[in-house]
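Asker: This one is structure_10.txt, compact mmCIF, C-alpha atoms and all ligand atoms.
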```
# COMPACT_ATOMS: atom_id res chain seq x y z
CA GLY A 693 0.00 0.00 0.00
CA LEU A 694 0.89 3.65 -0.20
CA PRO A 695 1.87 5.86 2.75
CA ALA A 696 -0.99 7.92 4.26
CA ARG A 697 1.12 11.04 4.18
CA VAL A 698 4.15 12.18 2.18
CA ARG A 699 6.65 14.74 3.42
CA ILE A 700 7.75 16.85 0.50
CA HIS A 701 11.34 18.07 0.75
CA GLU A 702 11.14 21.21 -1.39
CA VAL A 703 14.41 21.95 -3.22
CA GLY A 704 13.36 24.76 -5.59
CA ALA A 705 15.29 27.49 -3.83
CA ARG A 706 18.49 25.42 -3.87
CA ASP A 707 18.54 22.76 -6.61
CA GLY A 708 16.04 24.79 -8.62
CA LEU A 709 18.00 28.00 -8.65
CA GLN A 710 21.62 26.79 -8.50
CA ASN A 711 21.79 26.26 -12.27
CA GLU A 712 20.25 29.61 -13.25
CA LYS A 713 22.75 31.67 -15.22
CA THR A 714 21.33 35.03 -14.18
CA VAL A 715 21.77 35.74 -10.50
CA VAL A 716 18.37 36.05 -8.82
CA PRO A 717 18.21 38.93 -6.30
CA THR A 718 18.41 37.81 -2.67
CA GLU A 719 15.05 39.49 -1.90
CA VAL A 720 13.37 37.40 -4.61
CA LYS A 721 14.86 34.21 -3.17
CA ALA A 722 13.63 35.18 0.31
CA GLU A 723 10.15 35.84 -1.03
CA PHE A 724 10.23 32.50 -2.89
CA VAL A 725 11.02 30.60 0.32
CA HIS A 726 8.32 32.49 2.24
CA ARG A 727 5.74 31.75 -0.44
CA LEU A 728 6.69 28.06 -0.53
CA ALA A 729 6.24 27.89 3.25
CA ALA A 730 2.92 29.73 3.01
CA ALA A 731 1.75 27.14 0.47
CA GLY A 732 2.18 24.49 3.16
CA LEU A 733 5.64 23.10 2.48
CA THR A 734 7.25 22.23 5.83
CA THR A 735 10.77 21.45 4.57
CA VAL A 736 12.20 24.09 2.29
CA GLU A 737 15.86 23.67 1.38
CA ALA A 738 17.13 27.22 1.46
CA THR A 739 20.62 27.49 -0.03
CA SER A 740 24.15 26.04 -0.03
CA PHE A 741 27.25 27.07 1.88
CA VAL A 742 29.57 25.91 -0.89
CA HIS A 743 32.46 27.71 -2.53
CA PRO A 744 30.99 30.87 -4.11
CA LYS A 745 33.04 30.37 -7.29
CA TRP A 746 31.61 26.85 -7.73
CA VAL A 747 27.97 27.97 -7.46
CA PRO A 748 27.81 31.75 -7.95
CA GLN A 749 24.00 31.78 -7.79
CA LEU A 750 24.11 30.78 -4.10
CA ALA A 751 26.98 33.08 -3.09
CA ASP A 752 24.47 35.19 -1.13
CA ALA A 753 23.77 32.45 1.46
CA GLU A 754 24.97 34.70 4.34
CA ALA A 755 22.54 37.43 3.29
CA LEU A 756 19.61 35.13 2.52
CA PHE A 757 19.55 32.79 5.51
CA PRO A 758 18.90 35.47 8.17
CA MET A 759 15.99 36.77 6.04
CA LEU A 760 14.23 33.45 6.75
CA GLY A 761 14.49 33.71 10.53
CA ASP A 762 10.76 34.39 10.96
CA LEU A 763 9.76 31.03 9.45
CA ASP A 764 8.93 29.21 12.69
CA GLY A 765 8.08 25.56 12.29
CA VAL A 766 9.54 25.31 8.80
CA ALA A 767 12.67 23.19 8.43
CA LEU A 768 15.28 25.06 6.37
CA PRO A 769 18.06 22.64 5.48
CA VAL A 770 21.21 23.94 3.78
CA LEU A 771 23.93 22.13 1.85
CA VAL A 772 27.44 22.07 3.30
CA PRO A 773 30.30 20.20 1.61
CA ASN A 774 33.00 20.63 4.23
CA GLU A 775 33.90 22.12 7.62
CA ARG A 776 34.24 25.59 6.13
CA GLY A 777 30.64 25.34 4.93
CA LEU A 778 29.50 23.96 8.28
CA ASP A 779 31.15 26.86 10.13
CA ARG A 780 29.31 29.32 7.90
CA ALA A 781 25.96 27.55 8.37
CA LEU A 782 26.24 27.09 12.14
CA ALA A 783 27.32 30.71 12.60
CA LEU A 784 23.90 31.69 11.22
CA GLY A 785 22.01 29.23 13.42
CA ALA A 786 21.25 26.54 10.84
CA THR A 787 19.84 23.40 12.51
CA ARG A 788 19.53 21.15 9.47
CA ILE A 789 22.38 20.50 7.10
CA ALA A 790 22.98 18.20 4.15
CA VAL A 791 26.22 16.72 2.90
CA PHE A 792 26.30 15.44 -0.66
CA ALA A 793 28.20 12.38 -1.83
CA SER A 794 28.38 10.64 -5.18
CA ALA A 795 28.03 6.98 -6.07
CA THR A 796 30.45 7.50 -8.96
CA GLU A 797 34.05 8.68 -9.09
CA SER A 798 33.46 10.92 -12.12
CA PHE A 799 30.82 13.01 -10.42
CA ALA A 800 32.67 13.11 -7.07
CA LYS A 801 35.57 14.67 -8.96
CA ALA A 802 33.41 17.07 -10.98
CA ASN A 803 31.24 18.21 -8.07
CA LEU A 804 33.55 18.06 -5.07
CA ASN A 805 37.07 17.84 -6.53
CA ARG A 806 37.56 14.65 -4.53
CA THR A 807 37.41 10.87 -4.97
CA VAL A 808 34.38 9.17 -3.41
CA ASP A 809 36.38 8.10 -0.37
CA GLU A 810 38.08 11.50 -0.03
CA SER A 811 34.65 13.12 -0.02
CA LEU A 812 33.44 10.73 2.68
CA ALA A 813 36.55 11.65 4.72
CA MET A 814 35.70 15.33 4.16
CA PHE A 815 32.14 14.75 5.46
CA GLU A 816 33.17 12.77 8.53
CA PRO A 817 34.01 15.77 10.77
CA VAL A 818 31.12 17.74 9.25
CA VAL A 819 28.54 15.14 10.28
CA ALA A 820 30.17 14.55 13.68
CA ARG A 821 30.26 18.25 14.54
CA ALA A 822 26.75 18.88 13.22
CA LYS A 823 25.36 16.00 15.29
CA ALA A 824 27.25 17.20 18.39
CA ASP A 825 25.62 20.59 17.82
CA GLY A 826 22.18 18.95 17.72
CA ALA A 827 21.65 19.49 14.01
CA HIS A 828 19.73 17.13 11.72
CA VAL A 829 21.87 15.72 8.92
CA ARG A 830 20.70 14.60 5.50
CA GLY A 831 23.06 12.66 3.28
CA TYR A 832 22.50 13.15 -0.42
CA LEU A 833 23.77 10.48 -2.74
CA SER A 834 24.06 11.49 -6.39
CA MET A 835 24.24 9.34 -9.54
CA CYS A 836 22.34 6.46 -7.92
CA PHE A 837 21.10 5.12 -11.26
CA GLY A 838 23.19 6.44 -14.11
CA ASP A 839 26.13 8.76 -14.62
CA PRO A 840 26.83 10.87 -17.71
CA TRP A 841 30.44 9.68 -17.91
CA GLU A 842 30.17 6.13 -16.56
CA GLY A 843 26.74 4.96 -17.76
CA ALA A 844 24.55 2.67 -15.64
CA VAL A 845 25.60 2.53 -11.99
CA PRO A 846 25.52 -0.91 -10.29
CA VAL A 847 23.24 -1.17 -7.24
CA ALA A 848 26.09 -2.59 -5.12
CA GLN A 849 28.22 0.49 -5.83
CA VAL A 850 25.40 2.78 -4.66
CA VAL A 851 24.71 0.67 -1.58
CA ARG A 852 28.36 0.85 -0.51
CA VAL A 853 28.39 4.66 -0.42
CA ALA A 854 24.89 4.81 1.09
CA LYS A 855 26.01 2.54 3.90
CA ALA A 856 29.11 4.70 4.47
CA LEU A 857 26.97 7.86 4.68
CA MET A 858 24.66 6.26 7.24
CA GLU A 859 27.66 5.04 9.24
CA LEU A 860 28.96 8.61 9.41
CA GLY A 861 25.75 9.39 11.33
CA CYS A 862 23.39 10.84 8.73
CA ASP A 863 19.77 10.88 9.92
CA GLU A 864 18.38 10.43 6.44
CA LEU A 865 19.51 9.51 2.97
CA SER A 866 18.29 11.10 -0.26
CA LEU A 867 18.74 8.97 -3.38
CA GLY A 868 19.58 11.25 -6.28
CA ASP A 869 18.84 10.49 -9.90
CA THR A 870 20.91 13.50 -10.85
CA ILE A 871 20.46 13.13 -14.62
CA GLY A 872 16.97 11.64 -14.60
CA VAL A 873 17.71 8.31 -16.29
CA ALA A 874 16.11 5.97 -13.72
CA THR A 875 13.05 3.84 -14.49
CA PRO A 876 10.66 2.29 -11.94
CA ALA A 877 12.05 -1.27 -11.75
CA HIS A 878 15.54 0.15 -11.17
CA VAL A 879 14.15 2.22 -8.28
CA GLY A 880 12.64 -0.90 -6.73
CA ALA A 881 15.91 -2.82 -7.15
CA LEU A 882 17.92 -0.09 -5.41
CA LEU A 883 15.47 0.20 -2.50
CA THR A 884 15.57 -3.58 -2.06
CA GLY A 885 19.36 -3.49 -2.16
CA LEU A 886 19.42 -0.85 0.57
CA ASN A 887 16.91 -2.73 2.72
CA ASP A 888 19.04 -5.87 2.37
CA ARG A 889 21.91 -3.92 3.95
CA SER A 890 19.58 -2.75 6.76
CA ILE A 891 19.02 0.81 5.60
CA ALA A 892 15.39 1.28 6.63
CA THR A 893 12.95 2.72 4.12
CA ASP A 894 11.75 5.37 6.58
CA ALA A 895 15.27 6.89 6.53
CA ILE A 896 15.17 7.15 2.72
CA GLY A 897 14.00 9.99 0.53
CA VAL A 898 13.96 10.00 -3.26
CA HIS A 899 15.27 12.80 -5.45
CA PHE A 900 14.33 12.48 -9.09
CA HIS A 901 15.22 14.79 -11.92
CA ASP A 902 12.76 14.66 -14.81
CA THR A 903 15.11 14.64 -17.82
CA TYR A 904 13.46 11.61 -19.44
CA GLY A 905 9.94 12.24 -18.08
CA GLN A 906 10.26 9.37 -15.58
CA ALA A 907 10.28 11.28 -12.28
CA LEU A 908 6.63 10.74 -11.41
CA ALA A 909 6.63 7.05 -12.39
CA ASN A 910 9.80 6.56 -10.34
CA THR A 911 8.23 8.34 -7.38
CA PHE A 912 5.17 6.10 -7.57
CA ALA A 913 7.43 3.03 -7.54
CA ALA A 914 9.22 4.38 -4.45
CA LEU A 915 5.90 5.08 -2.68
CA GLN A 916 4.76 1.54 -3.36
CA HIS A 917 7.97 0.42 -1.71
CA GLY A 918 7.11 2.44 1.43
CA VAL A 919 9.12 5.61 0.85
CA SER A 920 7.33 8.66 2.29
CA THR A 921 9.88 11.46 1.79
CA VAL A 922 9.96 12.89 -1.72
CA ASP A 923 12.16 15.71 -3.00
CA ALA A 924 10.61 18.06 -5.53
CA SER A 925 11.15 21.52 -6.93
CA ALA A 926 8.37 24.08 -7.31
CA GLY A 927 7.61 24.61 -10.97
CA GLY A 928 10.13 21.93 -11.96
CA LEU A 929 13.09 24.30 -11.71
CA GLY A 930 16.54 22.90 -11.54
CA GLY A 931 19.58 21.00 -12.63
CA CYS A 932 23.10 20.46 -11.45
CA PRO A 933 25.82 22.73 -12.87
CA TYR A 934 28.39 19.92 -12.58
CA ALA A 935 26.40 17.19 -14.34
CA LYS A 936 25.85 17.65 -18.05
CA SER A 937 22.37 16.57 -19.17
CA ALA A 938 20.75 17.24 -15.80
CA THR A 939 17.44 19.09 -16.11
CA GLY A 940 14.90 20.16 -13.53
CA ASN A 941 13.69 18.15 -10.58
CA LEU A 942 10.31 16.50 -10.36
CA ALA A 943 7.91 19.45 -10.21
CA THR A 944 6.28 19.82 -6.80
CA GLU A 945 2.95 20.62 -8.46
CA ASP A 946 3.03 17.44 -10.56
CA LEU A 947 3.78 15.46 -7.39
CA VAL A 948 0.99 17.11 -5.40
CA TRP A 949 -1.49 16.54 -8.24
CA MET A 950 -0.69 12.82 -8.28
CA LEU A 951 -0.77 12.49 -4.48
CA GLN A 952 -4.10 14.32 -4.23
CA GLY A 953 -5.56 11.88 -6.72
CA LEU A 954 -4.19 8.98 -4.70
CA GLY A 955 -5.64 10.36 -1.48
CA VAL A 956 -2.18 10.84 0.03
CA ASP A 957 -1.92 13.87 2.31
CA THR A 958 0.84 16.48 1.73
CA GLY A 959 -0.48 19.56 3.52
CA VAL A 960 0.23 21.61 0.39
CA ASP A 961 -2.23 24.10 -1.13
CA LEU A 962 -1.85 23.42 -4.85
CA GLY A 963 -3.40 26.73 -5.93
CA GLN A 964 -1.05 28.76 -3.77
CA LEU A 965 1.94 26.70 -4.88
CA THR A 966 1.06 27.09 -8.57
CA ALA A 967 0.69 30.85 -8.12
CA THR A 968 4.16 30.87 -6.56
CA SER A 969 5.68 29.04 -9.51
CA VAL A 970 3.94 31.33 -12.00
CA TRP A 971 5.37 34.30 -10.10
CA MET A 972 8.86 32.70 -10.06
CA ALA A 973 8.62 31.97 -13.80
CA GLU A 974 7.96 35.68 -14.34
CA GLN A 975 11.05 36.53 -12.29
CA LEU A 976 13.14 34.13 -14.41
CA GLY A 977 11.56 35.26 -17.67
CA ARG A 978 10.39 31.90 -19.00
CA PRO A 979 7.42 29.59 -18.40
CA SER A 980 7.52 26.78 -15.87
CA PRO A 981 8.26 23.34 -17.38
CA SER A 982 5.74 21.75 -14.98
CA ARG A 983 2.76 20.26 -16.83
CA THR A 984 0.53 20.83 -13.79
CA VAL A 985 1.58 24.46 -13.46
CA ARG A 986 0.82 25.01 -17.14
CA ALA A 987 -2.55 23.23 -16.95
CA LEU A 988 -3.68 25.07 -13.82
CA SER A 989 -2.46 28.49 -14.93
CA HIS A 990 -3.35 28.18 -18.64
CA GLN A 991 0.25 29.21 -19.47
P1 LIG B 1 38.20 22.80 -3.69
O1 LIG B 1 38.61 23.71 -4.80
O2 LIG B 1 38.80 21.41 -3.64
O3 LIG B 1 38.36 23.55 -2.31
O4 LIG B 1 36.62 22.66 -3.77
P2 LIG B 1 39.48 23.45 -1.19
O5 LIG B 1 38.99 22.59 -0.11
O6 LIG B 1 40.79 23.11 -1.84
O7 LIG B 1 39.53 24.98 -0.70
C1 LIG B 1 39.94 26.01 -1.62
C2 LIG B 1 39.52 27.36 -1.09
O8 LIG B 1 38.10 27.43 -1.07
C3 LIG B 1 39.97 27.65 0.32
O9 LIG B 1 40.28 29.05 0.36
C4 LIG B 1 38.77 27.40 1.15
O10 LIG B 1 38.68 28.17 2.34
C5 LIG B 1 37.66 27.82 0.22
P3 LIG B 1 41.79 29.54 0.48
O11 LIG B 1 42.28 28.91 1.74
O12 LIG B 1 42.43 28.97 -0.74
O13 LIG B 1 41.63 31.01 0.47
N1 LIG B 1 36.44 27.09 0.54
C6 LIG B 1 35.23 27.61 0.85
N2 LIG B 1 34.78 28.87 0.88
C7 LIG B 1 33.50 29.04 1.23
N3 LIG B 1 32.66 28.05 1.55
C8 LIG B 1 33.06 26.78 1.52
C9 LIG B 1 34.40 26.54 1.13
N4 LIG B 1 35.10 25.41 1.00
C10 LIG B 1 36.33 25.74 0.66
N5 LIG B 1 32.23 25.79 1.84
C11 LIG B 1 34.53 22.30 -2.63
C12 LIG B 1 35.94 21.78 -2.87
C13 LIG B 1 33.77 21.19 -1.94
C14 LIG B 1 34.61 23.53 -1.76
C15 LIG B 1 33.89 22.65 -3.99
O14 LIG B 1 34.02 21.55 -4.83
C16 LIG B 1 32.42 23.02 -3.89
O15 LIG B 1 32.07 24.04 -3.31
N6 LIG B 1 31.52 22.20 -4.48
C17 LIG B 1 30.10 22.41 -4.41
C18 LIG B 1 29.44 21.98 -5.70
C19 LIG B 1 27.93 22.12 -5.60
O16 LIG B 1 27.40 22.86 -4.79
N7 LIG B 1 27.19 21.35 -6.45
C20 LIG B 1 25.76 21.38 -6.47
C21 LIG B 1 25.13 20.67 -5.29
S1 LIG B 1 25.08 18.91 -5.43
C22 LIG B 1 23.64 18.58 -6.39
O17 LIG B 1 23.08 19.48 -6.95
C23 LIG B 1 23.09 17.17 -6.41
C24 LIG B 1 21.85 17.02 -5.53
O18 LIG B 1 20.80 17.87 -5.93
C25 LIG B 1 21.36 15.55 -5.57
C26 LIG B 1 21.23 15.01 -7.00
O19 LIG B 1 20.49 15.60 -7.81
O20 LIG B 1 21.90 14.00 -7.26
C27 LIG B 1 22.18 17.34 -4.06
MG MG B 2 19.45 17.43 -7.59
```
Give the structure from the file, written as structure tokens.
Answerer:
Amino acid sequence: GLPARVRIHEVGARDGLQNEKTVVPTEVKAEFVHRLAAAGLTTVEATSFVHPKWVPQLADAEALFPMLGDLDGVALPVLVPNERGLDRALALGATRIAVFASATESFAKANLNRTVDESLAMFEPVVARAKADGAHVRGYLSMCFGDPWEGAVPVAQVVRVAKALMELGCDELSLGDTIGVATPAHVGALLTGLNDRSIATDAIGVHFHDTYGQALANTFAALQHGVSTVDASAGGLGGCPYAKSATGNLATEDLVWMLQGLGVDTGVDLGQLTATSVWMAEQLGRPSPSRTVRALSHQ
């Protein structure tokens, strides 16, 4: 059966915006996060404390994060790759952080300038210090299905890095299909592989990009497997600057439309969310790629 409720981990303000060429004003980002929260999203990933030269769009993290201080009851996770990033996030009072590993060597090098094991070593003190500080830690794992340089990624290879992330002390794991090549049976096979190595389904979230139009089908497969945390990006914004052929995430509106039809609770007001994505599309100067946004707004 399906879960009664799904927690949507909204990534529009981070994954959605990080690939935008034109720098979005900090005030617009702050309004975006506020509007997402007002639409009922309870986890809104806010920004990244990464090297500003690597992701110029998110170089304003120090200015943005304090502008979100009034959002009581909304979890505002931020990405941190290393201790420098953790210092920056903790200095601003962040209580939820995410480290981000790769299942493949090619993407670890492209995204973090490290091998897979060097990146895990880099995360070790980050997770330990964050946990000691009482913070919640998410471990992202990219390229869980396919990699633009290496092709299909074996389940065992993904499970090894997933296990290592959990052993560092991550509270949850997010399985990234960074370039959107997964299909539903592959999703089931990976979840089974993780369960076999005692990574519980309730610690797992899924993070699908929609490059091949499979994100919603893959999400449904994960729900049938018991997953109840789903990453999505308002309006379908997104893509990773260090992975060629990565397009936007699963659109939050498309996800909410499906879940409403299935009778699965999300707490999200679809009308308010769609209005937010239409507004954001105006800020970015092009229509939302989300089918549901287009249908509901007659774009
Ligand atoms: P590096 O060049 O190896 O850095 O980059 P380093 O450790 O050698 O340090 C070089 C300099 O950068 C030092 O300064 C550091 O202080 C500074 P210096 O001493 O030379 O003056 N520095 C920093 N400054 C500010 N904030 C920091 C920071 N770290 C070092 N945090 C590094 C290594 C990890 C920093 C770099 O590769 C990086 O920032 N990468 C981030 C890439 C990124 O954000 N990618 C997108 C997110 S992942 C994603 O989108 C996938 C996901 O959505 C899931 C999916 O779809 O699969 C999550
Ligand atoms: Mg992503």
Asker: Which polymer residues have any atom within 12 Å of an atom of Asn887 (chain A), counting all atoms listed in the file, with same-chain residues fewer than 2 positions away left out, as an mmCIF file with C-alpha atoms, keeping the file's coordinate frame?
Answerer:
```cif
data_model
loop_
_atom_site.group_PDB
_atom_site.id
_atom_site.type_symbol
_atom_site.label_atom_id
_atom_site.label_comp_id
_atom_site.auth_asym_id
_atom_site.auth_seq_id
_atom_site.Cartn_x
_atom_site.Cartn_y
_atom_site.Cartn_z
ATOM 1 C CA VAL A 847 23.240 -1.170 -7.240
ATOM 2 C CA VAL A 851 24.710 0.670 -1.580
ATOM 3 C CA ALA A 854 24.890 4.810 1.090
ATOM 4 C CA LYS A 855 26.010 2.540 3.900
ATOM 5 C CA GLY A 880 12.640 -0.900 -6.730
ATOM 6 C CA ALA A 881 15.910 -2.820 -7.150
ATOM 7 C CA LEU A 882 17.920 -0.090 -5.410
ATOM 8 C CA LEU A 883 15.470 0.200 -2.500
ATOM 9 C CA THR A 884 15.570 -3.580 -2.060
ATOM 10 C CA GLY A 885 19.360 -3.490 -2.160
ATOM 11 C CA ARG A 889 21.910 -3.920 3.950
ATOM 12 C CA SER A 890 19.580 -2.750 6.760
ATOM 13 C CA ILE A 891 19.020 0.810 5.600
ATOM 14 C CA ALA A 892 15.390 1.280 6.630
ATOM 15 C CA THR A 893 12.950 2.720 4.120
ATOM 16 C CA ASP A 894 11.750 5.370 6.580
ATOM 17 C CA ALA A 895 15.270 6.890 6.530
ATOM 18 C CA ILE A 896 15.170 7.150 2.720
ATOM 19 C CA HIS A 917 7.970 0.420 -1.710
ATOM 20 C CA GLY A 918 7.110 2.440 1.430
ATOM 21 C CA VAL A 919 9.120 5.610 0.850
#
```
Asker: What residues of the protein or nucleic acid chains come within 8 Å of ligand LIG 1 (chain B) when you use only C-alpha atoms and all ligand atoms? Reply as a count of residues only.
Answerer: 45
Asker: Need to verify the contact set: Glu842 (chain A), 12 Å, all atoms listed in the file, exclusion of same-chain residues closer than 6 positions in sequence. Can you return it as a list of chain:residue names?
Answerer: A:Ala795, A:Thr796, A:Glu797, A:Ser798, A:Phe799, A:Met835, A:Cys836, A:Ala935
Asker: Once you have the residues from the selection above, write them out as a PDB file, in the coordinates of the input, restricted to C-alpha atoms.
Answerer:
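Written output follows (part-v9.pdb):
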```pdb
ATOM      1  CA  ALA A 795      28.030   6.980  -6.070  1.00  0.00           C
ATOM      2  CA  THR A 796      30.450   7.500  -8.960  1.00  0.00           C
ATOM      3  CA  GLU A 797      34.050   8.680  -9.090  1.00  0.00           C
ATOM      4  CA  SER A 798      33.460  10.920 -12.120  1.00  0.00           C
ATOM      5  CA  PHE A 799      30.820  13.010 -10.420  1.00  0.00           C
ATOM      6  CA  MET A 835      24.240   9.340  -9.540  1.00  0.00           C
ATOM      7  CA  CYS A 836      22.340   6.460  -7.920  1.00  0.00           C
ATOM      8  CA  ALA A 935      26.400  17.190 -14.340  1.00  0.00           C
TER       9      ALA A 935
END
```
Asker: Residues at most 12 Å from Leu782 (chain A), counting only C-alpha atoms, excluding those fewer than 4 positions away in the same chain, as number ranges by chain?
Answerer: A: 741, 754, 757-758, 769-772, 775-778, 786-789, 818, 821-828
Asker: For Leu942 (chain A), which of A:Gln906, A:Thr875, A:Thr921, A:Gln964 is the closest residue, counting only C-alpha atoms?
Answerer: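 Ranking A:Gln906, A:Thr875, A:Thr921, A:Gln964 by distance to Leu942 (chain A), first place goes to A:Gln906.
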Asker: When you count all atoms listed in the file, which of these residues is closest to ligand MG 2 (chain B): A:Arg697, A:Arg830, A:Arg706, A:Lys721?
Answerer: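 Looking at the shortest contact to ligand MG 2 (chain B), the residue is A:Arg706.
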Asker: Name the closest residue to ligand MG 2 (chain B) among the candidates A:Thr939, A:Gln849, A:Asn910, A:Thr807; distances are taken between atoms, counting all atoms listed in the file.
Answerer: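 Selected residue with least distance to ligand MG 2 (chain B): A:Thr939.
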Asker: Please measure the separation of CA of Ala914 (chain A) and CA of Leu812 (chain A), giving the value in Å to one decimal.
Answerer: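 Result for CA of Ala914 (chain A) versus CA of Leu812 (chain A): 26.0 Å, one decimal.
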Asker: Find, counting all atoms listed in the file, the residue in A:Gly693, A:Pro717, A:Gly708, A:Gly959 that gets nearest to ligand MG 2 (chain B).
Answerer: A:Gly708
Asker: Kindly give the distance, in Å, that separates CA of Gln952 (chain A) and CA of Val985 (chain A), rounded to a single decimal.
Answerer: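 One can read the CA of Gln952 (chain A) to CA of Val985 (chain A) distance as 14.8 Å.
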Asker: Measure the distance from CA of Gln916 (chain A) to CA of Ala731 (chain A) in Å and round it to one decimal.
Answerer: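 Separation of CA of Gln916 (chain A) and CA of Ala731 (chain A): 26.1 Å.
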Asker: As a CSV table (one decimal), in the frame of the given file, please: region 706-722 of chain A completed to N, CA and C atoms.
Answerer:
```csv
chain,number,residue,atom,x,y,z
A,706,ARG,N,17.1,25.9,-3.8
A,706,ARG,CA,18.5,25.4,-3.9
A,706,ARG,C,18.8,24.7,-5.2
A,707,ASP,N,18.3,23.5,-5.4
A,707,ASP,CA,18.5,22.8,-6.6
A,707,ASP,C,17.9,23.5,-7.8
A,708,GLY,N,16.7,24.1,-7.6
A,708,GLY,CA,16.0,24.8,-8.6
A,708,GLY,C,16.8,26.0,-9.1
A,709,LEU,N,17.4,26.8,-8.2
A,709,LEU,CA,18.0,28.0,-8.6
A,709,LEU,C,19.5,27.9,-9.0
A,710,GLN,N,20.1,26.8,-8.4
A,710,GLN,CA,21.6,26.8,-8.5
A,710,GLN,C,22.2,26.8,-9.9
A,711,ASN,N,21.3,26.4,-10.9
A,711,ASN,CA,21.8,26.3,-12.3
A,711,ASN,C,21.4,27.5,-13.1
A,712,GLU,N,20.7,28.4,-12.5
A,712,GLU,CA,20.2,29.6,-13.2
A,712,GLU,C,21.5,30.5,-13.6
A,713,LYS,N,21.6,30.9,-14.8
A,713,LYS,CA,22.8,31.7,-15.2
A,713,LYS,C,22.7,33.1,-14.6
A,714,THR,N,21.5,33.7,-14.7
A,714,THR,CA,21.3,35.0,-14.2
A,714,THR,C,21.1,35.0,-12.7
A,715,VAL,N,21.9,35.8,-12.0
A,715,VAL,CA,21.8,35.7,-10.5
A,715,VAL,C,20.4,36.4,-10.1
A,716,VAL,N,19.7,35.6,-9.3
A,716,VAL,CA,18.4,36.0,-8.8
A,716,VAL,C,18.6,36.9,-7.6
A,717,PRO,N,18.0,38.1,-7.5
A,717,PRO,CA,18.2,38.9,-6.3
A,717,PRO,C,17.8,38.2,-5.0
A,718,THR,N,18.6,38.5,-4.0
A,718,THR,CA,18.4,37.8,-2.7
A,718,THR,C,17.0,38.0,-2.2
A,719,GLU,N,16.4,39.2,-2.4
A,719,GLU,CA,15.0,39.5,-1.9
A,719,GLU,C,14.0,38.6,-2.6
A,720,VAL,N,14.3,38.3,-3.9
A,720,VAL,CA,13.4,37.4,-4.6
A,720,VAL,C,13.5,36.0,-4.1
A,721,LYS,N,14.7,35.5,-3.8
A,721,LYS,CA,14.9,34.2,-3.2
A,721,LYS,C,14.1,34.1,-1.8
A,722,ALA,N,14.3,35.2,-1.0
A,722,ALA,CA,13.6,35.2,0.3
A,722,ALA,C,12.1,35.1,0.2
```
